[in-house]
Structure formats: structure tokens, C-alpha cells
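Novice: Can you read through this structure? Questions will come right after.
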Amino acid sequence: MRCVIARFPFELTKSGVLESMKGVKPEAVTAESVIIGRRHYPAKQVGEVVTGQDRRDFSAGEVLRAMARLGFTCRTAPEAAPAPAPAESPLERASAMLGTSLTV
């Protein structure tokens, strides 16, 4: 299948991608990822290995579109967790446990 990544055309096949990624240790996934075999690879790592280009030359979205068209499962970046609630002071915690309101 013909794909354009970073303005360069590539002729990619699913078997070719599997062969290219064989023996490549996955880096830690912190953003978009592609599942190849049973491993989760960062999209930028897959793009770099498959195309031979520097990661700064293409976007993760370009790689995700190409890999999805080839039939690989792609995952988008996980959403950020909500910010934790502000910590209670010991006095506020004790007041809440006693069931009384705190007035200072």
C-alpha cells in the first residue's frame, strides 16, 4: 500500500512492517501507540524504524493513519488524569471525622 509520510511516498505492507519491527524492543509508551504482534510501540518509534526517517520529520498522526490502513491496532494518547483535590489540613480532616463544621 502506498503511504505518504513526511511528504515522502512509501510502499508499505503489513508483512513488511512486521519484519521491520521484529527484534525491536519497544520504548515506553507515553503518547500514541501501535500494537504490532503482542507489543505496544510508540507511533514515532514505528515510523522511524519503518521509514528510516528522523522522528522530527513526521507526526504520530501520519504513522497512525498508515498503520491503521494496514490493519494494525492504533491507540491515541491517554487522556490526562484529573487534578487531585487539594490536601486537607489535619484540623479539617479531624473536623470532618467528628462531623462538626470548622469555623476559624
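A note on labels: chains of the C-alpha cells are A, B, ... as shown, every chain counts residues from 1, and ligands are counted from 1 in their shown order.
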Taking the backbone alone, and naming residues the way the document does, which bits of chain A are alpha helix (DSSP H) by DSSP, as a PyMOL selection string?

Specialist: chain A and resi 14-21+43-51+60-70+90-98

Novice: Excluding Phe72 in chain A and its own-chain neighbours fewer than 4 positions away, which residues fall within 12 Å of it when counting only C-alpha atoms? Please give them as an MDAnalysis selection string.

Specialist: chainID A and resid 13:15 17:18 33:41 43 46 63:68

Novice: A:Leu12, A:Met97, A:Ile5, A:Val24: which is nearest Asp54 in chain A, counting only C-alpha atoms?

Specialist: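 For Asp54 in chain A, the nearest of the candidates is A:Ile5.
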
Novice: Would you work out the distance separating CA of Ala60 in chain A from CA of Glu32 in chain A, expressed in Å to one decimal?

Specialist: 6.8 Å

Novice: Set the distance at 12 Å and use only C-alpha atoms: which residues neighbour Pro9 in chain A once local chain neighbours fewer than 4 positions away are removed? I'd like the list as an MDAnalysis selection string.

Specialist: chainID A and resid 1:5 51 62 66

Novice: Expressed in Å to a single decimal, how great is the separation between CA of Lys44 in chain A and CA of Phe58 in chain A?

Specialist: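 Spanning CA of Lys44 in chain A to CA of Phe58 in chain A is a straight-line distance of 8.1 Å.
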
Novice: One decimal, Å: what's the distance from CA of Arg56 in chain A over to CA of Pro26 in chain A, could you say?

Specialist: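 Going from CA of Arg56 in chain A over to CA of Pro26 in chain A covers 18.4 Å.
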
Novice: Assign secondary structure with DSSP using the backbone only, and return the residues of chain A in strand (DSSP E) as a list of chain:residue names.

Specialist: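 Written out, the strand (DSSP E) residues of chain A are A:Arg2, A:Cys3, A:Val4, A:Ile5, A:Phe8, A:Pro9, A:Phe10, A:Glu11, A:Ser33, A:Val34, A:Ile35, A:Ile36, A:Arg39, A:His40, A:Tyr41, A:Pro42, A:Thr73, A:Cys74, A:Arg75.
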
Novice: Hey, which of A:Pro42, A:Arg7, A:Glu92, A:Val49 ends up closest to Lys22 in chain A? Count only C-alpha atoms.

Specialist: A:Val49

Novice: Hey, which of A:Leu70, A:Ala31, A:Ala94, A:Ala77 ends up closest to Gln45 in chain A? Count only C-alpha atoms.

Specialist: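 Among the listed residues, A:Ala31 lies closest to Gln45 in chain A.
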